[in-house]
>>> print(open('start26.cif').read())   # mmCIF, C-alpha atoms
data_run
#
loop_
_atom_site.group_PDB
_atom_site.id
_atom_site.type_symbol
_atom_site.label_atom_id
_atom_site.label_comp_id
_atom_site.auth_asym_id
_atom_site.auth_seq_id
_atom_site.Cartn_x
_atom_site.Cartn_y
_atom_site.Cartn_z
ATOM 1 C CA MET A 3 127.483 143.814 362.810
ATOM 2 C CA LYS A 4 129.541 146.168 360.630
ATOM 3 C CA LYS A 5 130.377 143.294 358.268
ATOM 4 C CA LEU A 6 126.706 142.402 357.907
ATOM 5 C CA LEU A 7 125.763 146.010 357.156
ATOM 6 C CA PHE A 8 128.611 146.339 354.641
ATOM 7 C CA PHE A 9 127.587 143.067 352.945
ATOM 8 C CA GLY A 10 123.958 144.289 352.736
ATOM 9 C CA ILE A 11 124.982 147.553 351.081
ATOM 10 C CA ILE A 12 127.226 145.777 348.553
ATOM 11 C CA LEU A 13 124.474 143.255 347.750
ATOM 12 C CA CYS A 14 121.956 146.037 347.170
ATOM 13 C CA ILE A 15 124.308 148.018 344.937
ATOM 14 C CA PHE A 16 125.241 145.072 342.708
ATOM 15 C CA GLY A 17 122.098 142.966 343.027
ATOM 16 C CA CYS A 18 119.423 145.598 342.409
ATOM 17 C CA LYS A 19 119.948 146.287 338.713
ATOM 18 C CA LYS A 20 116.579 146.439 336.987
ATOM 19 C CA TYR A 21 114.938 147.905 333.918
ATOM 20 C CA VAL A 22 112.009 150.159 334.706
ATOM 21 C CA VAL A 23 109.266 149.726 332.116
ATOM 22 C CA SER A 24 106.182 151.968 332.165
ATOM 23 C CA PHE A 25 103.133 151.086 330.082
ATOM 24 C CA GLU A 26 101.026 154.082 329.111
ATOM 25 C CA GLN A 27 97.296 153.525 329.502
ATOM 26 C CA PRO A 28 95.589 154.776 326.315
ATOM 27 C CA THR A 29 93.081 157.590 325.973
ATOM 28 C CA ASN A 30 91.524 155.930 322.894
ATOM 29 C CA MET A 31 88.503 153.951 324.136
ATOM 30 C CA LYS A 32 88.889 151.462 321.266
ATOM 31 C CA LEU A 33 92.032 150.208 323.045
ATOM 32 C CA ASP A 34 90.211 149.507 326.320
ATOM 33 C CA ASN A 35 90.975 146.000 327.664
ATOM 34 C CA LEU A 36 93.634 145.413 325.016
ATOM 35 C CA LYS A 37 95.720 142.455 326.170
ATOM 36 C CA LEU A 38 99.509 142.775 326.004
ATOM 37 C CA GLU A 39 101.916 139.911 326.605
ATOM 38 C CA VAL A 40 105.345 141.052 327.800
ATOM 39 C CA PHE A 41 108.451 138.953 327.057
ATOM 40 C CA LEU A 42 112.074 139.425 328.070
ATOM 41 C CA ASP A 43 114.596 137.290 326.154
ATOM 42 C CA LYS A 44 111.789 135.070 324.771
ATOM 43 C CA LYS A 45 110.544 134.341 328.326
ATOM 44 C CA LYS A 46 107.029 135.509 329.192
ATOM 45 C CA ILE A 47 107.127 137.979 332.080
ATOM 46 C CA GLN A 48 103.555 139.195 332.438
ATOM 47 C CA ASP A 49 100.156 139.739 330.842
ATOM 48 C CA LEU A 50 98.716 143.256 330.974
ATOM 49 C CA ASN A 51 95.300 144.608 330.098
ATOM 50 C CA LEU A 52 95.274 148.250 329.091
ATOM 51 C CA LYS A 53 92.572 150.378 330.661
ATOM 52 C CA ALA A 54 91.519 153.314 328.497
ATOM 53 C CA THR A 55 90.605 156.564 330.197
ATOM 54 C CA ASN A 56 89.076 159.872 329.170
ATOM 55 C CA ALA A 57 91.062 161.738 331.820
ATOM 56 C CA LEU A 58 94.816 162.099 332.237
ATOM 57 C CA THR A 59 96.976 159.254 331.019
ATOM 58 C CA THR A 60 98.081 156.801 333.696
ATOM 59 C CA TYR A 61 100.971 154.344 333.718
ATOM 60 C CA GLU A 62 101.580 150.823 334.957
ATOM 61 C CA THR A 63 105.213 150.212 335.861
ATOM 62 C CA LEU A 64 107.209 146.977 335.982
ATOM 63 C CA ALA A 65 110.749 146.319 337.177
ATOM 64 C CA LEU A 66 112.449 143.705 334.973
ATOM 65 C CA PRO A 67 115.700 141.909 335.854
ATOM 66 C CA VAL A 68 119.003 142.629 334.134
ATOM 67 C CA SER A 69 121.504 140.010 332.977
ATOM 68 C CA ASP A 70 125.264 140.301 333.450
ATOM 69 C CA ASP A 71 125.887 141.791 329.992
ATOM 70 C CA GLY A 72 122.829 144.080 330.195
ATOM 71 C CA LYS A 73 121.577 143.327 326.672
ATOM 72 C CA HIS A 74 118.025 142.060 326.343
ATOM 73 C CA LEU A 75 115.357 141.375 323.756
ATOM 74 C CA PHE A 76 112.154 143.085 324.938
ATOM 75 C CA GLU A 77 108.968 141.992 323.172
ATOM 76 C CA VAL A 78 105.337 143.020 323.415
ATOM 77 C CA LYS A 79 102.714 140.830 321.762
ATOM 78 C CA THR A 80 99.210 142.045 321.034
ATOM 79 C CA LYS A 81 96.557 140.193 319.074
ATOM 80 C CA ASP A 82 98.545 138.629 316.204
ATOM 81 C CA THR A 83 101.570 140.965 316.120
ATOM 82 C CA THR A 84 104.812 140.890 318.114
ATOM 83 C CA PHE A 85 106.874 144.057 318.490
ATOM 84 C CA SER A 86 110.557 143.414 319.287
ATOM 85 C CA TYR A 87 113.112 145.852 320.675
ATOM 86 C CA THR A 88 116.645 145.553 322.014
ATOM 87 C CA VAL A 89 117.363 147.238 325.334
ATOM 88 C CA ASN A 90 120.868 147.866 326.695
ATOM 89 C CA TYR A 91 121.468 148.431 330.406
ATOM 90 C CA PRO A 92 122.521 150.977 331.786
ATOM 91 C CA GLU A 93 122.231 153.233 328.709
ATOM 92 C CA GLU A 94 118.514 152.474 328.369
ATOM 93 C CA LYS A 95 117.310 151.523 331.824
ATOM 94 C CA TYR A 96 114.021 153.453 331.615
ATOM 95 C CA VAL A 97 111.547 152.297 328.982
ATOM 96 C CA LEU A 98 108.159 153.789 328.092
ATOM 97 C CA VAL A 99 105.731 151.669 326.042
ATOM 98 C CA THR A 100 102.677 153.165 324.313
ATOM 99 C CA ALA A 101 99.894 151.621 322.231
ATOM 100 C CA HIS A 102 98.377 153.492 319.269
ATOM 101 C CA LEU A 103 95.518 152.638 316.950
ATOM 102 C CA LYS A 104 96.352 153.301 313.305
ATOM 103 C CA ASP A 105 93.830 154.562 310.752
ATOM 104 C CA ASN A 106 93.580 151.073 309.243
ATOM 105 C CA GLY A 107 92.485 149.619 312.626
ATOM 106 C CA LYS A 108 95.771 147.908 313.471
ATOM 107 C CA VAL A 109 97.492 148.385 316.823
ATOM 108 C CA HIS A 110 101.052 149.726 316.930
ATOM 109 C CA ILE A 111 103.280 149.509 320.021
ATOM 110 C CA GLY A 112 105.815 152.328 320.340
ATOM 111 C CA ILE A 113 108.769 152.473 322.706
ATOM 112 C CA LEU A 114 110.976 155.201 324.141
ATOM 113 C CA LYS A 115 114.251 154.300 325.880
ATOM 114 C CA GLN A 116 116.559 156.500 327.913
ATOM 115 C CA GLN A 117 119.062 156.455 330.763
ATOM 116 C CA TYR A 118 117.140 158.809 333.065
ATOM 117 C CA LYS A 119 113.655 158.652 334.562
ATOM 118 C CA PHE A 120 110.744 159.922 332.501
ATOM 119 C CA ARG A 121 108.774 162.828 333.905
ATOM 120 C CA LEU A 122 105.291 161.387 333.848
ATOM 121 C CA HIS A 123 102.458 163.754 334.673
#
>>> encode(input="start26.cif", output="structure tokens")
Amino acid sequence: MKKLLFFGIILCIFGCKKYVVSFEQPTNMKLDNLKLEVFLDKKKIQDLNLKATNALTTYETLALPVSDDGKHLFEVKTKDTTFSYTVNYPEEKYVLVTAHLKDNGKVHIGILKQQYKFRLH
């Protein structure tokens, strides 16, 4: 029984490495139902639809897997534009993605990366 418990702890410590990616839901109503396609190393992970709100900003969080070397290409595609970022684990294991509408009507995807959890209110 002790061996099984020890094996479980070791597996969790070494097998549970993940990026935590939070997508900020916009407060600009023009971005309501904006479709985002999320890619990790050119492989599609998920489709998201942003839900605009007039109240406090909310977040949708994903846990993405980490490779052995910890270096990944993180991409977000919206409409006809793809935004590409490199993410290095464990230096940048928490990622915050935000969508902004520029004055010319184009969507821009911004990203913040850090080693520690974001304090989201």
>>> resolve_selection(input="start26.cif", expression="the PyMOL selection byres ((chain A and resi 60) around 7)", output="mmCIF file with C-alpha atoms, in the frame of the given file")
data_model
loop_
_atom_site.group_PDB
_atom_site.id
_atom_site.type_symbol
_atom_site.label_atom_id
_atom_site.label_comp_id
_atom_site.auth_asym_id
_atom_site.auth_seq_id
_atom_site.Cartn_x
_atom_site.Cartn_y
_atom_site.Cartn_z
ATOM 1 C CA GLU A 26 101.026 154.082 329.111
ATOM 2 C CA GLN A 27 97.296 153.525 329.502
ATOM 3 C CA LEU A 58 94.816 162.099 332.237
ATOM 4 C CA THR A 59 96.976 159.254 331.019
ATOM 5 C CA TYR A 61 100.971 154.344 333.718
#
>>> resolve_selection(input="start26.cif", expression="the PyMOL selection byres ((chain A and resi 119) around 9)", output="ChimeraX atom specification")
/A:22,95-97,116-118,120-122
>>> resolve_selection(input="start26.cif", expression="the PyMOL selection byres ((chain A and resi 21) around 9)", output="ChimeraX atom specification")
/A:19-20,22-23,64-68,89,91-92,94-97
>>> atom_distance(input="start26.cif", atom1="atom CA of A:Ala54", atom2="atom CA of A:Thr29")
5.2 Å
>>> closest_residue(input="start26.cif", among="A:Asn51, A:Asn106, A:Ser86, A:Thr100", to="A:Asp34", atoms="only C-alpha atoms")
A:Asn51
>>> closest_residue(input="start26.cif", among="A:Leu38, A:Val99, A:Met31, A:Ile113", to="A:Thr80", atoms="only C-alpha atoms")
A:Leu38
>>> closest_residue(input="start26.cif", among="A:Leu75, A:Leu33, A:Leu42, A:Ala57", to="A:Ile111", atoms="only C-alpha atoms")
A:Leu33
>>> closest_residue(input="start26.cif", among="A:Lys73, A:Leu114, A:Asp105, A:Lys81", to="A:Asn35", atoms="all atoms listed in the file")
A:Lys81
>>> atom_distance(input="start26.cif", atom1="atom CA of A:Thr55", atom2="atom CA of A:His110")
18.2 Å
>>> residues_around(input="start26.cif", residues="A:Val109", least_positions_apart="5", cutoff="10 Å", atoms="only C-alpha atoms", output="list in words")
Leu33, Leu36, Thr80, Lys81, Asp82, Thr83, Ala101, His102, Leu103 and Lys104 of chain A
>>> atom_distance(input="start26.cif", atom1="atom CA of A:Lys46", atom2="atom CA of A:Phe25")
16.1 Å
>>> closest_residue(input="start26.cif", among="A:Glu62, A:Asp49, A:Glu39, A:Glu93", to="A:Val78", atoms="only C-alpha atoms")
A:Glu39
>>> axis_aligned_box(input="start26.cif", around="stretch 97-102 of chain A", padding_each_side="3 Å", output="JSON")
{"center_x": 105.0, "center_y": 152.7, "center_z": 324.1, "size_x": 19.2, "size_y": 8.2, "size_z": 15.7}
>>> closest_residue(input="start26.cif", among="A:Glu77, A:Lys108, A:Asn30, A:Thr84", to="A:Ile47", atoms="all atoms listed in the file")
A:Glu77
>>> decode(input="start26.cif", residues="stretch 13-75 of chain A", atoms="C-alpha atoms", output="PDB file, in the first residue's frame")
ATOM      1  CA  LEU A  13       3.065  10.529 -10.766  1.00  0.00           C
ATOM      2  CA  CYS A  14       1.108  13.600  -9.689  1.00  0.00           C
ATOM      3  CA  ILE A  15       4.236  15.683  -9.126  1.00  0.00           C
ATOM      4  CA  PHE A  16       5.820  14.858 -12.491  1.00  0.00           C
ATOM      5  CA  GLY A  17       2.702  14.206 -14.558  1.00  0.00           C
ATOM      6  CA  CYS A  18       0.609  17.249 -13.653  1.00  0.00           C
ATOM      7  CA  LYS A  19       2.563  19.997 -15.397  1.00  0.00           C
ATOM      8  CA  LYS A  20       0.143  22.304 -17.177  1.00  0.00           C
ATOM      9  CA  TYR A  21      -0.102  25.850 -18.455  1.00  0.00           C
ATOM     10  CA  VAL A  22      -2.994  27.786 -16.984  1.00  0.00           C
ATOM     11  CA  VAL A  23      -4.531  30.070 -19.600  1.00  0.00           C
ATOM     12  CA  SER A  24      -7.279  32.537 -18.647  1.00  0.00           C
ATOM     13  CA  PHE A  25      -9.316  34.275 -21.337  1.00  0.00           C
ATOM     14  CA  GLU A  26     -10.732  37.621 -20.260  1.00  0.00           C
ATOM     15  CA  GLN A  27     -14.342  38.160 -21.285  1.00  0.00           C
ATOM     16  CA  PRO A  28     -14.612  41.658 -22.811  1.00  0.00           C
ATOM     17  CA  THR A  29     -16.651  44.590 -21.557  1.00  0.00           C
ATOM     18  CA  ASN A  30     -16.965  45.987 -25.107  1.00  0.00           C
ATOM     19  CA  MET A  31     -20.323  44.772 -26.461  1.00  0.00           C
ATOM     20  CA  LYS A  32     -18.972  44.856 -30.032  1.00  0.00           C
ATOM     21  CA  LEU A  33     -16.833  41.834 -29.076  1.00  0.00           C
ATOM     22  CA  ASP A  34     -19.816  39.765 -27.912  1.00  0.00           C
ATOM     23  CA  ASN A  35     -19.806  36.249 -29.438  1.00  0.00           C
ATOM     24  CA  LEU A  36     -16.357  36.762 -30.946  1.00  0.00           C
ATOM     25  CA  LYS A  37     -15.030  33.328 -31.883  1.00  0.00           C
ATOM     26  CA  LEU A  38     -11.464  32.460 -30.873  1.00  0.00           C
ATOM     27  CA  GLU A  39      -9.622  29.355 -32.021  1.00  0.00           C
ATOM     28  CA  VAL A  40      -6.877  28.259 -29.622  1.00  0.00           C
ATOM     29  CA  PHE A  41      -3.832  26.343 -30.911  1.00  0.00           C
ATOM     30  CA  LEU A  42      -0.870  24.851 -29.072  1.00  0.00           C
ATOM     31  CA  ASP A  43       2.091  23.869 -31.275  1.00  0.00           C
ATOM     32  CA  LYS A  44      -0.060  24.159 -34.439  1.00  0.00           C
ATOM     33  CA  LYS A  45      -2.624  21.705 -32.981  1.00  0.00           C
ATOM     34  CA  LYS A  46      -6.138  23.035 -32.391  1.00  0.00           C
ATOM     35  CA  ILE A  47      -7.052  22.775 -28.710  1.00  0.00           C
ATOM     36  CA  GLN A  48     -10.419  24.493 -28.423  1.00  0.00           C
ATOM     37  CA  ASP A  49     -12.898  26.990 -29.840  1.00  0.00           C
ATOM     38  CA  LEU A  50     -14.105  29.750 -27.519  1.00  0.00           C
ATOM     39  CA  ASN A  51     -16.841  32.328 -27.887  1.00  0.00           C
ATOM     40  CA  LEU A  52     -16.297  35.480 -25.877  1.00  0.00           C
ATOM     41  CA  LYS A  53     -19.291  36.743 -23.943  1.00  0.00           C
ATOM     42  CA  ALA A  54     -19.276  40.503 -23.429  1.00  0.00           C
ATOM     43  CA  THR A  55     -20.621  41.879 -20.175  1.00  0.00           C
ATOM     44  CA  ASN A  56     -21.468  45.291 -18.771  1.00  0.00           C
ATOM     45  CA  ALA A  57     -20.582  44.182 -15.245  1.00  0.00           C
ATOM     46  CA  LEU A  58     -17.273  42.968 -13.840  1.00  0.00           C
ATOM     47  CA  THR A  59     -14.951  41.156 -16.198  1.00  0.00           C
ATOM     48  CA  THR A  60     -15.094  37.367 -16.018  1.00  0.00           C
ATOM     49  CA  TYR A  61     -12.562  34.769 -17.127  1.00  0.00           C
ATOM     50  CA  GLU A  62     -12.654  31.362 -18.765  1.00  0.00           C
ATOM     51  CA  THR A  63      -9.693  29.203 -17.787  1.00  0.00           C
ATOM     52  CA  LEU A  64      -8.060  26.291 -19.610  1.00  0.00           C
ATOM     53  CA  ALA A  65      -5.300  23.936 -18.501  1.00  0.00           C
ATOM     54  CA  LEU A  66      -3.005  23.080 -21.430  1.00  0.00           C
ATOM     55  CA  PRO A  67      -0.444  20.249 -21.420  1.00  0.00           C
ATOM     56  CA  VAL A  68       3.299  20.835 -21.228  1.00  0.00           C
ATOM     57  CA  SER A  69       5.923  19.029 -23.303  1.00  0.00           C
ATOM     58  CA  ASP A  70       9.212  17.728 -21.912  1.00  0.00           C
ATOM     59  CA  ASP A  71      11.203  20.832 -22.894  1.00  0.00           C
ATOM     60  CA  GLY A  72       8.421  23.220 -21.803  1.00  0.00           C
ATOM     61  CA  LYS A  73       8.603  25.433 -24.904  1.00  0.00           C
ATOM     62  CA  HIS A  74       5.403  25.909 -26.868  1.00  0.00           C
ATOM     63  CA  LEU A  75       3.921  27.995 -29.648  1.00  0.00           C
TER      64      LEU A  75
END
